[in-house]
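Before any comments, here is the structure.
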Amino acid sequence: MEDLLIHNALIVTANPAFEVIPRGFVSARKERLTSVAAQVKGRALPPAREVIDAGGGIVLPGLVNAHTHLPMAMYRGLADDLPLMEWLEDHIFPAEARFATPENIAWATRLSCAEMLLGGVTTCCDGYFEADAVAAAAAEMGLRAVVGQGVVDFPAPGVPDPAGNVAAAEGFVRRWQGRSPLITPAIFCHSPYTCGAATLKAAKAAARQAGVLFQIHLAETREETARLTRAEGCSPAAYLARLGVLDRQTLAVHGVWLNEADIRLLADSGAALAHCPESNMKLGAGIAPLAAMRAAGVRLALGTDGCASNNDQDLLREMDTAAKLHKVRSGDPTSFDAATVLRMATSQGAEAIGLGAAIGSLEAGKQADLIVLDPRHPALNPCYNPVSQVVYAAAGDAVQHTVVAGRLRVRNRRPVDWSLPPILEAVNAIARDIAAARPPAARGR
Ligand SMILES: [Zn+2]
């Protein structure tokens with residue numbers, strides 16, 4: 001007896017051969033997939049406790065959002081249309097200093113998890129402060145997450161004395177290793193311009209010691225890249241390489257201003273890169289040289305970034321943006337085709353955040369993390385090619401069911417084991433306090 005059976009499905013497996021099964025079924029026992037196969041006339045489907053007829057709808061692996069800051073949902077729309085440094089220093093950092101309490105962080109994390117689960121993301125890779133509150137809230141909501149404790153060389157939420165920043169991250173990792181099947185702890189150094197060399201080295205050493213992912217924003221804007229290059233006499237990527245920070249368990253984020261030598265450093269070290277096109281576009285940061293990175297063999301993933309800089313966490317829309325942005329940059333409509341981008345949001349994303357063996361494709365033995373798209377959604381009809389449909393036509397509102405670790409978390413667009421109204425009420429109350437506390441000059445920006 002299986003626990004879950006989804007049949008009459010158009011399955012995009014995202015497995016290594018990138019197989020598509022025109023009419024098939026997937027089954028799961030407990031948290032794992034037991035079969036992913038074509039339906040054969042005359043052959044009975046396996047019996048299961050819970051049976052879902054996909055109605056011919058597209059079934060694909062749950063999406064992997066490789067870079068976000070879950071609690072930043074509380075700052076969604078707080079200050080838009082500003083340069084990165086002004087946005088961070090005049091608006092985000094001051095709001096964080098007052099409002100990033102564990103309780104507020106837990107509520108905002110729940111809102112982000114709700115948005116992601118309803119929109120087809122089953123795993124995210126997060127970096128923020130008060131990571132215990134983030135991890136507990138994500139686990140409670142049923143979202144799989146790599147959760148990084150933030151490290152910066154100035155007082156931060158939960159870490160008033162920066163001298164204890166790496167120890168705080170180590171403590172978080174220790175507390176969460178093996179604690180929840182959905183949570184994988186990690187260490188997140190904010191950037192080479194907010195962490196000094198000693199901090200970067202110590203944080204990477206701690207991550208290596210614990211065998212966890214090390215995440216860092218890298219070369220996001222031209223100004224920040226130029227400033228660090230002047231100070232260190234080499235590019236940010238070369239600087240990280242010199243400190244010994246780049247390896248297969250490092251996830252660099254953005255990489256908008258990488259030069260050819262930087263790209264080779266990433267490729268040779270095995271470090272992965274999370275591309276966040278909508279955040280880069282919104283902050284006017286530029287277009288990451290993704291085609292060059294792909295040609296060099298850099299491991300690529302896709303992320304939304306936090307929702308203060310996007311402002312949503314819809315990875316279906318992000319795929320559409322990524323595919324189109326790189327066609328604009330290259331002038332070549334055949335570049336970054338739908339399958340390439342879908343891999344970044346599934347199997348390659350899972351690899352990049354260290355979960356490639358467990359998730360990212362629909363294969364027997366892997367975790368049953370999957371989504372079912374609504375075959376009656378107008379934007380999904382007709383369907384000549386399910387992969388291009390997913391990338392170019394679907395948005396988060398096309399997701400009908402979401403399964404994480406074999407459990408239905410969203411059924412018919414409704415959450416199964418949590419309720420949205422109290423989350424909205426709590427986060428909107430926090431937002432009213434944040435708005436009221438702003439200096440008059442900052443309002444209306
Ligand atoms: Zn970010």
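Chain labels A, B, ... are given in the sequence in which chains occur in the structure tokens; within each chain residues are numbered consecutively from 1, and ligands are likewise numbered from 1 in the order shown.
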
Contact residues around Trp87 of chain A with only C-alpha atoms at 12 Å, ignoring same-chain residues under 2 positions, as a ChimeraX atom specification: /A:75,77-85,89-95,282-283,308-309,442,445

What are the nearest atom pairs, with distances in Å to one decimal, for all residues of chain A that come at most 12 Å from ligand 1, using only C-alpha atoms and all ligand atoms, set out by chain and rising residue number as CSV?
```
residue,atom,partner,partner_atom_place_in_ligand_line,distance
A:Asn65,CA,ligand 1,1 (Zn),11.7
A:Ala66,CA,ligand 1,1 (Zn),10.1
A:His67,CA,ligand 1,1 (Zn),6.4
A:Thr68,CA,ligand 1,1 (Zn),5.9
A:His69,CA,ligand 1,1 (Zn),6.4
A:Leu70,CA,ligand 1,1 (Zn),10.1
A:Pro71,CA,ligand 1,1 (Zn),11.7
A:Met72,CA,ligand 1,1 (Zn),10.0
A:Leu84,CA,ligand 1,1 (Zn),11.3
A:Leu88,CA,ligand 1,1 (Zn),11.3
A:Cys125,CA,ligand 1,1 (Zn),10.3
A:Asp126,CA,ligand 1,1 (Zn),8.6
A:Gly127,CA,ligand 1,1 (Zn),7.5
A:Tyr128,CA,ligand 1,1 (Zn),9.1
A:Gly148,CA,ligand 1,1 (Zn),11.6
A:Gly150,CA,ligand 1,1 (Zn),11.0
A:Phe188,CA,ligand 1,1 (Zn),10.1
A:Cys189,CA,ligand 1,1 (Zn),10.7
A:His190,CA,ligand 1,1 (Zn),8.0
A:Ser191,CA,ligand 1,1 (Zn),9.5
A:Gln215,CA,ligand 1,1 (Zn),9.8
A:Ile216,CA,ligand 1,1 (Zn),8.4
A:His217,CA,ligand 1,1 (Zn),6.4
A:Leu218,CA,ligand 1,1 (Zn),9.6
A:Ala219,CA,ligand 1,1 (Zn),11.6
A:Glu220,CA,ligand 1,1 (Zn),9.3
A:Leu251,CA,ligand 1,1 (Zn),11.6
A:Ala252,CA,ligand 1,1 (Zn),10.0
A:Val253,CA,ligand 1,1 (Zn),7.0
A:His254,CA,ligand 1,1 (Zn),8.0
A:Gly255,CA,ligand 1,1 (Zn),11.4
A:Ala274,CA,ligand 1,1 (Zn),9.6
A:His275,CA,ligand 1,1 (Zn),10.1
A:Cys276,CA,ligand 1,1 (Zn),8.3
A:Pro277,CA,ligand 1,1 (Zn),11.4
A:Glu278,CA,ligand 1,1 (Zn),11.5
A:Ser279,CA,ligand 1,1 (Zn),8.4
A:Asn280,CA,ligand 1,1 (Zn),10.0
A:Leu283,CA,ligand 1,1 (Zn),11.6
A:Leu302,CA,ligand 1,1 (Zn),11.9
A:Gly303,CA,ligand 1,1 (Zn),8.9
A:Thr304,CA,ligand 1,1 (Zn),8.4
A:Asp305,CA,ligand 1,1 (Zn),4.8
A:Gly306,CA,ligand 1,1 (Zn),5.9
A:Cys307,CA,ligand 1,1 (Zn),9.4
A:Ala308,CA,ligand 1,1 (Zn),9.6
A:Ser309,CA,ligand 1,1 (Zn),8.3
A:Asn310,CA,ligand 1,1 (Zn),10.1
```

For the residues in that selection, give me N, CA and C atoms as a compact mmCIF listing (two decimals), in the first residue's frame.
```
# COMPACT_ATOMS: atom_id res chain seq x y z
N ASN A 65 14.25 27.26 -4.71
CA ASN A 65 14.59 28.68 -4.70
C ASN A 65 15.95 28.81 -4.00
N ALA A 66 17.00 28.97 -4.80
CA ALA A 66 18.37 28.85 -4.27
C ALA A 66 18.88 30.07 -3.51
N HIS A 67 18.10 31.14 -3.49
CA HIS A 67 18.54 32.28 -2.67
C HIS A 67 17.37 33.15 -2.24
N THR A 68 17.20 33.23 -0.93
CA THR A 68 16.17 34.14 -0.41
C THR A 68 16.54 34.56 1.00
N HIS A 69 15.76 35.51 1.51
CA HIS A 69 15.86 35.93 2.91
C HIS A 69 14.42 35.92 3.42
N LEU A 70 13.99 34.76 3.92
CA LEU A 70 12.57 34.56 4.25
C LEU A 70 11.97 35.69 5.10
N PRO A 71 12.67 36.12 6.19
CA PRO A 71 12.03 37.12 7.05
C PRO A 71 11.86 38.48 6.38
N MET A 72 12.51 38.73 5.28
CA MET A 72 12.40 40.04 4.64
C MET A 72 11.03 40.28 4.02
N LEU A 84 21.15 50.24 -4.42
CA LEU A 84 21.37 49.20 -3.41
C LEU A 84 21.85 49.75 -2.07
N LEU A 88 19.79 49.71 1.35
CA LEU A 88 20.26 48.94 2.50
C LEU A 88 20.49 49.84 3.71
N CYS A 125 16.81 28.14 -0.10
CA CYS A 125 18.08 28.33 0.58
C CYS A 125 18.08 29.74 1.13
N ASP A 126 18.10 29.83 2.46
CA ASP A 126 17.88 31.11 3.13
C ASP A 126 19.13 31.62 3.82
N GLY A 127 19.24 32.92 3.95
CA GLY A 127 20.29 33.51 4.77
C GLY A 127 19.73 34.72 5.49
N TYR A 128 19.76 34.67 6.82
CA TYR A 128 19.29 35.83 7.60
C TYR A 128 19.77 35.66 9.04
N GLY A 148 20.72 29.49 6.59
CA GLY A 148 22.04 30.00 6.96
C GLY A 148 21.94 31.07 8.03
N GLY A 150 23.15 34.32 9.54
CA GLY A 150 23.86 35.46 8.97
C GLY A 150 25.07 35.87 9.80
N PHE A 188 25.92 31.82 6.51
CA PHE A 188 25.73 32.83 5.46
C PHE A 188 26.50 34.10 5.82
N CYS A 189 27.67 34.28 5.21
CA CYS A 189 28.38 35.55 5.36
C CYS A 189 27.74 36.53 4.38
N HIS A 190 27.29 37.67 4.88
CA HIS A 190 26.51 38.57 4.02
C HIS A 190 27.24 38.96 2.74
N SER A 191 28.51 39.36 2.87
CA SER A 191 29.26 39.76 1.67
C SER A 191 30.71 40.04 2.05
N GLN A 215 27.36 30.33 2.31
CA GLN A 215 26.75 31.20 1.30
C GLN A 215 27.29 32.62 1.44
N ILE A 216 27.38 33.32 0.29
CA ILE A 216 27.84 34.71 0.33
C ILE A 216 27.39 35.48 -0.91
N HIS A 217 26.92 36.72 -0.71
CA HIS A 217 26.65 37.60 -1.85
C HIS A 217 27.99 37.97 -2.48
N LEU A 218 28.05 37.97 -3.81
CA LEU A 218 29.33 38.25 -4.47
C LEU A 218 29.13 39.13 -5.70
N ALA A 219 29.89 40.25 -5.73
CA ALA A 219 29.92 41.11 -6.92
C ALA A 219 28.52 41.43 -7.44
N GLU A 220 27.70 41.96 -6.53
CA GLU A 220 26.31 42.25 -6.92
C GLU A 220 26.22 43.54 -7.72
N LEU A 251 28.24 28.59 -1.97
CA LEU A 251 27.24 29.10 -2.90
C LEU A 251 27.39 30.62 -2.96
N ALA A 252 27.90 31.12 -4.09
CA ALA A 252 27.99 32.56 -4.29
C ALA A 252 26.68 33.04 -4.90
N VAL A 253 26.29 34.26 -4.55
CA VAL A 253 25.00 34.77 -5.00
C VAL A 253 25.20 36.03 -5.83
N HIS A 254 24.50 36.14 -6.92
CA HIS A 254 24.48 37.26 -7.85
C HIS A 254 25.60 37.15 -8.90
N GLY A 255 26.84 37.50 -8.55
CA GLY A 255 27.94 37.40 -9.53
C GLY A 255 27.69 38.23 -10.77
N ALA A 274 24.16 31.28 -7.42
CA ALA A 274 22.70 31.48 -7.47
C ALA A 274 22.42 32.79 -8.20
N HIS A 275 21.72 32.67 -9.30
CA HIS A 275 21.38 33.81 -10.15
C HIS A 275 20.01 34.35 -9.72
N CYS A 276 19.93 35.66 -9.50
CA CYS A 276 18.67 36.27 -9.05
C CYS A 276 18.31 37.40 -10.00
N PRO A 277 17.82 37.09 -11.20
CA PRO A 277 17.67 38.11 -12.22
C PRO A 277 16.72 39.25 -11.85
N GLU A 278 15.59 38.93 -11.21
CA GLU A 278 14.61 40.01 -10.94
C GLU A 278 15.15 40.99 -9.91
N SER A 279 15.85 40.48 -8.89
CA SER A 279 16.46 41.37 -7.91
C SER A 279 17.52 42.24 -8.58
N ASN A 280 18.35 41.64 -9.42
CA ASN A 280 19.39 42.40 -10.12
C ASN A 280 18.77 43.46 -11.03
N LEU A 283 17.15 46.34 -8.74
CA LEU A 283 18.14 47.23 -8.13
C LEU A 283 19.08 47.83 -9.18
N LEU A 302 18.96 29.07 -9.44
CA LEU A 302 18.11 30.24 -9.62
C LEU A 302 17.44 30.61 -8.31
N GLY A 303 17.41 31.90 -8.00
CA GLY A 303 16.76 32.34 -6.76
C GLY A 303 15.97 33.61 -6.97
N THR A 304 15.07 33.88 -6.02
CA THR A 304 14.28 35.11 -6.12
C THR A 304 14.95 36.26 -5.38
N ASP A 305 15.85 35.94 -4.42
CA ASP A 305 16.35 36.90 -3.44
C ASP A 305 15.19 37.23 -2.48
N GLY A 306 15.47 38.00 -1.46
CA GLY A 306 14.44 38.32 -0.47
C GLY A 306 13.36 39.18 -1.10
N CYS A 307 12.16 39.19 -0.48
CA CYS A 307 11.11 39.89 -1.20
C CYS A 307 11.10 41.38 -0.94
N ALA A 308 12.11 41.93 -0.24
CA ALA A 308 12.25 43.38 -0.23
C ALA A 308 12.93 43.85 -1.52
N SER A 309 13.53 42.95 -2.29
CA SER A 309 14.25 43.39 -3.49
C SER A 309 13.76 42.66 -4.74
N ASN A 310 12.49 42.24 -4.77
CA ASN A 310 12.07 41.46 -5.96
C ASN A 310 10.73 41.89 -6.54
```

Out of segment 117-321 of chain A, which residues get strand (DSSP E) from DSSP, as a short mmCIF file (atom, residue, chain, number, x, y, z; two decimals) with N, CA, C and O atoms, in the first residue's frame?
```
data_model
loop_
_atom_site.label_atom_id
_atom_site.label_comp_id
_atom_site.auth_asym_id
_atom_site.auth_seq_id
_atom_site.Cartn_x
_atom_site.Cartn_y
_atom_site.Cartn_z
N VAL A 121 7.19 26.36 -4.79
CA VAL A 121 8.55 26.16 -4.27
C VAL A 121 8.46 25.22 -3.07
O VAL A 121 7.69 25.46 -2.14
N THR A 122 9.22 24.13 -3.10
CA THR A 122 9.20 23.19 -1.97
C THR A 122 10.48 23.25 -1.15
O THR A 122 10.53 22.71 -0.05
N THR A 123 11.53 23.88 -1.72
CA THR A 123 12.80 24.02 -0.99
C THR A 123 13.36 25.41 -1.24
O THR A 123 13.33 25.90 -2.38
N CYS A 124 13.89 26.02 -0.18
CA CYS A 124 14.60 27.28 -0.41
C CYS A 124 15.93 27.26 0.33
O CYS A 124 16.15 26.43 1.22
N CYS A 125 16.81 28.14 -0.10
CA CYS A 125 18.08 28.33 0.58
C CYS A 125 18.08 29.74 1.13
O CYS A 125 18.02 30.70 0.37
N ASP A 126 18.10 29.83 2.46
CA ASP A 126 17.88 31.11 3.13
C ASP A 126 19.13 31.62 3.82
O ASP A 126 19.97 30.83 4.26
N GLY A 127 19.24 32.92 3.95
CA GLY A 127 20.29 33.51 4.77
C GLY A 127 19.73 34.72 5.49
O GLY A 127 19.23 35.65 4.85
N TYR A 128 19.76 34.67 6.82
CA TYR A 128 19.29 35.83 7.60
C TYR A 128 19.77 35.66 9.04
O TYR A 128 20.50 34.73 9.36
N ARG A 144 10.87 22.71 2.97
CA ARG A 144 12.24 22.24 3.13
C ARG A 144 13.16 23.45 2.96
O ARG A 144 12.97 24.26 2.05
N ALA A 145 14.16 23.58 3.83
CA ALA A 145 15.01 24.77 3.73
C ALA A 145 16.43 24.50 4.19
O ALA A 145 16.66 23.79 5.18
N VAL A 146 17.37 25.07 3.44
CA VAL A 146 18.74 25.22 3.91
C VAL A 146 18.74 26.60 4.57
O VAL A 146 18.44 27.59 3.92
N VAL A 147 19.01 26.64 5.87
CA VAL A 147 18.89 27.89 6.60
C VAL A 147 20.28 28.33 7.07
O VAL A 147 20.93 27.62 7.85
N GLY A 148 20.72 29.49 6.59
CA GLY A 148 22.04 30.00 6.96
C GLY A 148 21.94 31.07 8.03
O GLY A 148 21.15 32.01 7.89
N GLN A 149 22.71 30.92 9.10
CA GLN A 149 22.79 32.00 10.11
C GLN A 149 23.68 33.10 9.55
O GLN A 149 24.82 32.86 9.14
N GLY A 150 23.15 34.32 9.54
CA GLY A 150 23.86 35.46 8.97
C GLY A 150 25.07 35.87 9.80
O GLY A 150 25.04 35.81 11.03
N VAL A 151 26.13 36.29 9.09
CA VAL A 151 27.35 36.76 9.74
C VAL A 151 27.74 38.09 9.10
O VAL A 151 27.88 38.18 7.88
N ILE A 183 15.07 20.60 7.66
CA ILE A 183 16.00 21.73 7.81
C ILE A 183 17.46 21.29 7.73
O ILE A 183 17.88 20.37 8.43
N THR A 184 18.22 21.96 6.87
CA THR A 184 19.66 21.75 6.77
C THR A 184 20.34 23.06 7.16
O THR A 184 20.17 24.06 6.46
N PRO A 185 21.08 23.09 8.26
CA PRO A 185 21.69 24.36 8.67
C PRO A 185 22.89 24.72 7.79
O PRO A 185 23.50 23.85 7.16
N ALA A 186 23.20 26.01 7.74
CA ALA A 186 24.30 26.52 6.91
C ALA A 186 24.81 27.83 7.53
O ALA A 186 24.25 28.31 8.51
N ILE A 187 25.88 28.36 6.93
CA ILE A 187 26.43 29.64 7.39
C ILE A 187 26.41 30.62 6.22
O ILE A 187 26.80 30.28 5.10
N PHE A 188 25.92 31.82 6.51
CA PHE A 188 25.73 32.83 5.46
C PHE A 188 26.50 34.10 5.82
O PHE A 188 26.07 34.88 6.67
N CYS A 189 27.67 34.28 5.21
CA CYS A 189 28.38 35.55 5.36
C CYS A 189 27.74 36.53 4.38
O CYS A 189 27.64 36.24 3.19
N PHE A 214 28.33 27.08 2.76
CA PHE A 214 28.73 28.45 3.05
C PHE A 214 28.17 29.33 1.95
O PHE A 214 28.43 29.08 0.77
N GLN A 215 27.36 30.33 2.31
CA GLN A 215 26.75 31.20 1.30
C GLN A 215 27.29 32.62 1.44
O GLN A 215 27.54 33.07 2.55
N ILE A 216 27.38 33.32 0.29
CA ILE A 216 27.84 34.71 0.33
C ILE A 216 27.39 35.48 -0.91
O ILE A 216 27.40 34.94 -2.02
N HIS A 217 26.92 36.72 -0.71
CA HIS A 217 26.65 37.60 -1.85
C HIS A 217 27.99 37.97 -2.48
O HIS A 217 28.94 38.28 -1.76
N LEU A 218 28.05 37.97 -3.81
CA LEU A 218 29.33 38.25 -4.47
C LEU A 218 29.13 39.13 -5.70
O LEU A 218 28.33 38.81 -6.57
N THR A 250 30.51 26.03 -1.39
CA THR A 250 30.26 27.47 -1.33
C THR A 250 29.24 27.83 -2.39
O THR A 250 29.34 27.39 -3.54
N LEU A 251 28.24 28.59 -1.97
CA LEU A 251 27.24 29.10 -2.90
C LEU A 251 27.39 30.62 -2.96
O LEU A 251 27.10 31.31 -1.98
N ALA A 252 27.90 31.12 -4.09
CA ALA A 252 27.99 32.56 -4.29
C ALA A 252 26.68 33.04 -4.90
O ALA A 252 26.04 32.30 -5.65
N VAL A 253 26.29 34.26 -4.55
CA VAL A 253 25.00 34.77 -5.00
C VAL A 253 25.20 36.03 -5.83
O VAL A 253 26.02 36.88 -5.46
N HIS A 254 24.50 36.14 -6.92
CA HIS A 254 24.48 37.26 -7.85
C HIS A 254 25.60 37.15 -8.90
O HIS A 254 25.34 36.82 -10.04
N ALA A 272 29.27 27.10 -6.53
CA ALA A 272 28.05 27.29 -7.32
C ALA A 272 27.63 28.75 -7.29
O ALA A 272 28.08 29.52 -6.43
N LEU A 273 26.77 29.12 -8.22
CA LEU A 273 26.27 30.49 -8.26
C LEU A 273 24.76 30.52 -8.33
O LEU A 273 24.15 29.86 -9.18
N ALA A 274 24.16 31.28 -7.42
CA ALA A 274 22.70 31.48 -7.47
C ALA A 274 22.42 32.79 -8.20
O ALA A 274 22.86 33.86 -7.78
N HIS A 275 21.72 32.67 -9.30
CA HIS A 275 21.38 33.81 -10.15
C HIS A 275 20.01 34.35 -9.72
O HIS A 275 19.06 33.56 -9.57
N ARG A 299 28.48 25.78 -11.76
CA ARG A 299 27.20 25.17 -11.36
C ARG A 299 26.20 26.29 -11.07
O ARG A 299 26.42 27.11 -10.20
N LEU A 300 25.09 26.29 -11.80
CA LEU A 300 24.16 27.41 -11.73
C LEU A 300 22.84 27.04 -11.07
O LEU A 300 22.30 25.96 -11.30
N ALA A 301 22.30 27.96 -10.28
CA ALA A 301 21.01 27.79 -9.66
C ALA A 301 20.23 29.09 -9.82
O ALA A 301 20.78 30.10 -10.28
N LEU A 302 18.96 29.07 -9.44
CA LEU A 302 18.11 30.24 -9.62
C LEU A 302 17.44 30.61 -8.31
O LEU A 302 16.95 29.73 -7.58
#
```

Skipping near chain neighbours, those fewer than 4 positions away, what residues fall within 9 Å of Gly270 of chain A using only C-alpha atoms, listed as a tab-separated table (two decimals) with N, CA, C and O atoms, in the first residue's frame?
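Dumped to out-v8.tsv:
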```
chain	number	residue	atom	x	y	z
A	246	LEU	N	36.43	29.62	-1.61
A	246	LEU	CA	35.68	29.02	-2.73
A	246	LEU	C	35.95	27.51	-2.82
A	246	LEU	O	37.07	27.08	-2.97
A	247	ASP	N	34.87	26.73	-2.73
A	247	ASP	CA	34.96	25.28	-3.00
A	247	ASP	C	33.56	24.77	-3.31
A	247	ASP	O	32.62	25.56	-3.44
A	248	ARG	N	33.41	23.46	-3.42
A	248	ARG	CA	32.11	22.90	-3.83
A	248	ARG	C	31.01	23.12	-2.81
A	248	ARG	O	29.84	22.94	-3.11
A	249	GLN	N	31.37	23.48	-1.60
A	249	GLN	CA	30.33	23.75	-0.60
A	249	GLN	C	30.18	25.25	-0.35
A	249	GLN	O	29.80	25.68	0.73
A	250	THR	N	30.51	26.03	-1.39
A	250	THR	CA	30.26	27.47	-1.33
A	250	THR	C	29.24	27.83	-2.39
A	250	THR	O	29.34	27.39	-3.54
A	265	LEU	N	37.72	31.04	-11.86
A	265	LEU	CA	37.93	30.70	-10.44
A	265	LEU	C	36.74	29.93	-9.88
A	265	LEU	O	36.91	28.94	-9.17
A	266	LEU	N	35.53	30.41	-10.20
A	266	LEU	CA	34.34	29.72	-9.71
A	266	LEU	C	34.28	28.31	-10.29
A	266	LEU	O	34.04	27.33	-9.57
A	297	GLY	N	31.38	26.06	-17.18
A	297	GLY	CA	31.05	24.93	-16.30
A	297	GLY	C	30.75	25.31	-14.87
A	297	GLY	O	30.82	24.46	-13.98
A	298	VAL	N	30.40	26.58	-14.62
A	298	VAL	CA	29.99	26.96	-13.27
A	298	VAL	C	28.63	26.32	-12.97
A	298	VAL	O	27.76	26.28	-13.82
A	299	ARG	N	28.48	25.78	-11.76
A	299	ARG	CA	27.20	25.17	-11.36
A	299	ARG	C	26.20	26.29	-11.07
A	299	ARG	O	26.42	27.11	-10.20
```

Could you write out, as an mmCIF file with C-alpha atoms, in the first residue's frame, all the residues of segment 274-401 of chain A that DSSP marks as helix (DSSP H, G or I)?
```
data_model
loop_
_atom_site.group_PDB
_atom_site.id
_atom_site.type_symbol
_atom_site.label_atom_id
_atom_site.label_comp_id
_atom_site.auth_asym_id
_atom_site.auth_seq_id
_atom_site.Cartn_x
_atom_site.Cartn_y
_atom_site.Cartn_z
ATOM 1 C CA PRO A 277 17.669 38.111 -12.223
ATOM 2 C CA GLU A 278 14.615 40.008 -10.945
ATOM 3 C CA SER A 279 16.458 41.367 -7.906
ATOM 4 C CA ASN A 280 19.386 42.400 -10.123
ATOM 5 C CA MET A 281 16.991 44.085 -12.538
ATOM 6 C CA LYS A 282 15.013 45.873 -9.832
ATOM 7 C CA LEU A 290 25.364 33.633 -17.198
ATOM 8 C CA ALA A 291 26.182 32.335 -20.674
ATOM 9 C CA ALA A 292 29.911 32.685 -19.978
ATOM 10 C CA MET A 293 29.493 30.974 -16.614
ATOM 11 C CA ARG A 294 27.562 28.138 -18.194
ATOM 12 C CA ALA A 295 30.172 27.723 -20.924
ATOM 13 C CA ALA A 296 32.914 27.599 -18.279
ATOM 14 C CA LEU A 315 10.106 31.042 -8.957
ATOM 15 C CA LEU A 316 7.882 30.194 -11.928
ATOM 16 C CA ARG A 317 7.927 33.868 -12.906
ATOM 17 C CA GLU A 318 11.647 34.056 -12.141
ATOM 18 C CA MET A 319 12.340 31.275 -14.673
ATOM 19 C CA ASP A 320 10.470 33.233 -17.334
ATOM 20 C CA THR A 321 12.493 36.359 -16.502
ATOM 21 C CA ALA A 322 15.808 34.492 -16.539
ATOM 22 C CA ALA A 323 15.171 32.858 -19.913
ATOM 23 C CA LYS A 324 14.134 36.139 -21.512
ATOM 24 C CA LEU A 325 16.799 38.336 -19.895
ATOM 25 C CA HIS A 326 19.646 36.239 -21.298
ATOM 26 C CA LYS A 327 18.099 36.208 -24.747
ATOM 27 C CA VAL A 328 18.036 40.018 -24.596
ATOM 28 C CA ARG A 329 21.651 40.141 -23.452
ATOM 29 C CA SER A 330 22.905 37.781 -26.165
ATOM 30 C CA ALA A 338 13.200 26.462 -21.285
ATOM 31 C CA ALA A 339 14.815 23.140 -20.316
ATOM 32 C CA THR A 340 18.097 24.837 -19.350
ATOM 33 C CA VAL A 341 16.273 27.263 -17.080
ATOM 34 C CA LEU A 342 14.001 24.600 -15.578
ATOM 35 C CA ARG A 343 17.083 22.551 -14.648
ATOM 36 C CA MET A 344 18.465 25.577 -12.795
ATOM 37 C CA ALA A 345 15.240 25.749 -10.767
ATOM 38 C CA SER A 347 17.994 19.460 -10.297
ATOM 39 C CA GLN A 348 20.876 21.934 -10.605
ATOM 40 C CA GLY A 349 19.432 24.160 -7.890
ATOM 41 C CA ALA A 350 19.267 21.146 -5.587
ATOM 42 C CA GLU A 351 22.902 20.275 -6.427
ATOM 43 C CA ALA A 352 24.053 23.845 -5.813
ATOM 44 C CA PRO A 378 -6.226 29.337 -19.108
ATOM 45 C CA ALA A 379 -2.518 30.138 -19.467
ATOM 46 C CA LEU A 380 -1.664 26.434 -19.615
ATOM 47 C CA PRO A 386 5.049 21.099 -21.040
ATOM 48 C CA VAL A 387 8.577 22.407 -20.385
ATOM 49 C CA SER A 388 8.047 25.644 -22.273
ATOM 50 C CA GLN A 389 4.596 25.888 -20.699
ATOM 51 C CA VAL A 390 6.133 25.761 -17.217
ATOM 52 C CA VAL A 391 8.826 28.336 -17.994
ATOM 53 C CA TYR A 392 7.012 30.809 -20.252
ATOM 54 C CA ALA A 393 3.298 30.535 -19.383
ATOM 55 C CA GLY A 396 2.664 30.670 -9.036
ATOM 56 C CA ASP A 397 -1.135 30.852 -9.332
ATOM 57 C CA ALA A 398 -1.083 27.816 -11.658
#
```

Kindly assemble as a Markdown table a list of the segment 30-149 of chain A residues that lie within 8 Å of segment 7-24 of chain A, each paired with its nearest atom pair and their distance in Å to one decimal, using only C-alpha atoms, sorted first by chain and then by ascending residue number.
```
| residue | atom | partner | partner_atom | distance |
| --- | --- | --- | --- | --- |
| A:Val36 | CA | A:Gly24 | CA | 7.3 |
| A:Ala37 | CA | A:Gly24 | CA | 5.4 |
| A:Ala38 | CA | A:Gly24 | CA | 4.0 |
| A:Gln39 | CA | A:Gly24 | CA | 4.7 |
| A:Val51 | CA | A:His7 | CA | 7.8 |
| A:Ile52 | CA | A:His7 | CA | 6.5 |
| A:Asp53 | CA | A:His7 | CA | 5.2 |
| A:Ala54 | CA | A:Ala9 | CA | 5.3 |
| A:Gly55 | CA | A:Asn8 | CA | 5.7 |
| A:Gly56 | CA | A:Ala9 | CA | 4.8 |
| A:Gly57 | CA | A:Ala9 | CA | 5.4 |
| A:Ile58 | CA | A:Leu10 | CA | 4.6 |
| A:Val59 | CA | A:Ile11 | CA | 4.8 |
| A:Leu60 | CA | A:Val12 | CA | 5.0 |
| A:Pro61 | CA | A:Thr13 | CA | 6.7 |
```

Do you know which residues are at most 7 Å from Arg411 of chain A counting only C-alpha atoms, after dropping those on the same chain fewer than 5 positions away, and could you put them as a ChimeraX atom specification? /A:400-402,416

Okay, now the selection with N, CA and C atoms, as a PDB file, in the first residue's frame?
```pdb
ATOM      1  N   GLN A 400      -1.638  23.836  -8.312  1.00  0.00           N
ATOM      2  CA  GLN A 400      -2.859  23.322  -7.688  1.00  0.00           C
ATOM      3  C   GLN A 400      -2.560  22.535  -6.410  1.00  0.00           C
ATOM      4  N   HIS A 401      -1.548  21.675  -6.471  1.00  0.00           N
ATOM      5  CA  HIS A 401      -1.169  20.879  -5.296  1.00  0.00           C
ATOM      6  C   HIS A 401       0.347  20.972  -5.080  1.00  0.00           C
ATOM      7  N   THR A 402       0.746  20.956  -3.817  1.00  0.00           N
ATOM      8  CA  THR A 402       2.176  20.960  -3.468  1.00  0.00           C
ATOM      9  C   THR A 402       2.430  19.860  -2.440  1.00  0.00           C
ATOM     10  N   VAL A 416      -3.025  22.868   3.653  1.00  0.00           N
ATOM     11  CA  VAL A 416      -3.626  21.718   4.328  1.00  0.00           C
ATOM     12  C   VAL A 416      -3.476  21.822   5.840  1.00  0.00           C
TER      13      VAL A 416
END
```

Skip Thr221 of chain A itself and residues of its chain fewer than 5 positions away, then list as a PyMOL selection string all residues within 8 Å of it, counting only C-alpha atoms. chain A and resi 84+256-257+285-286
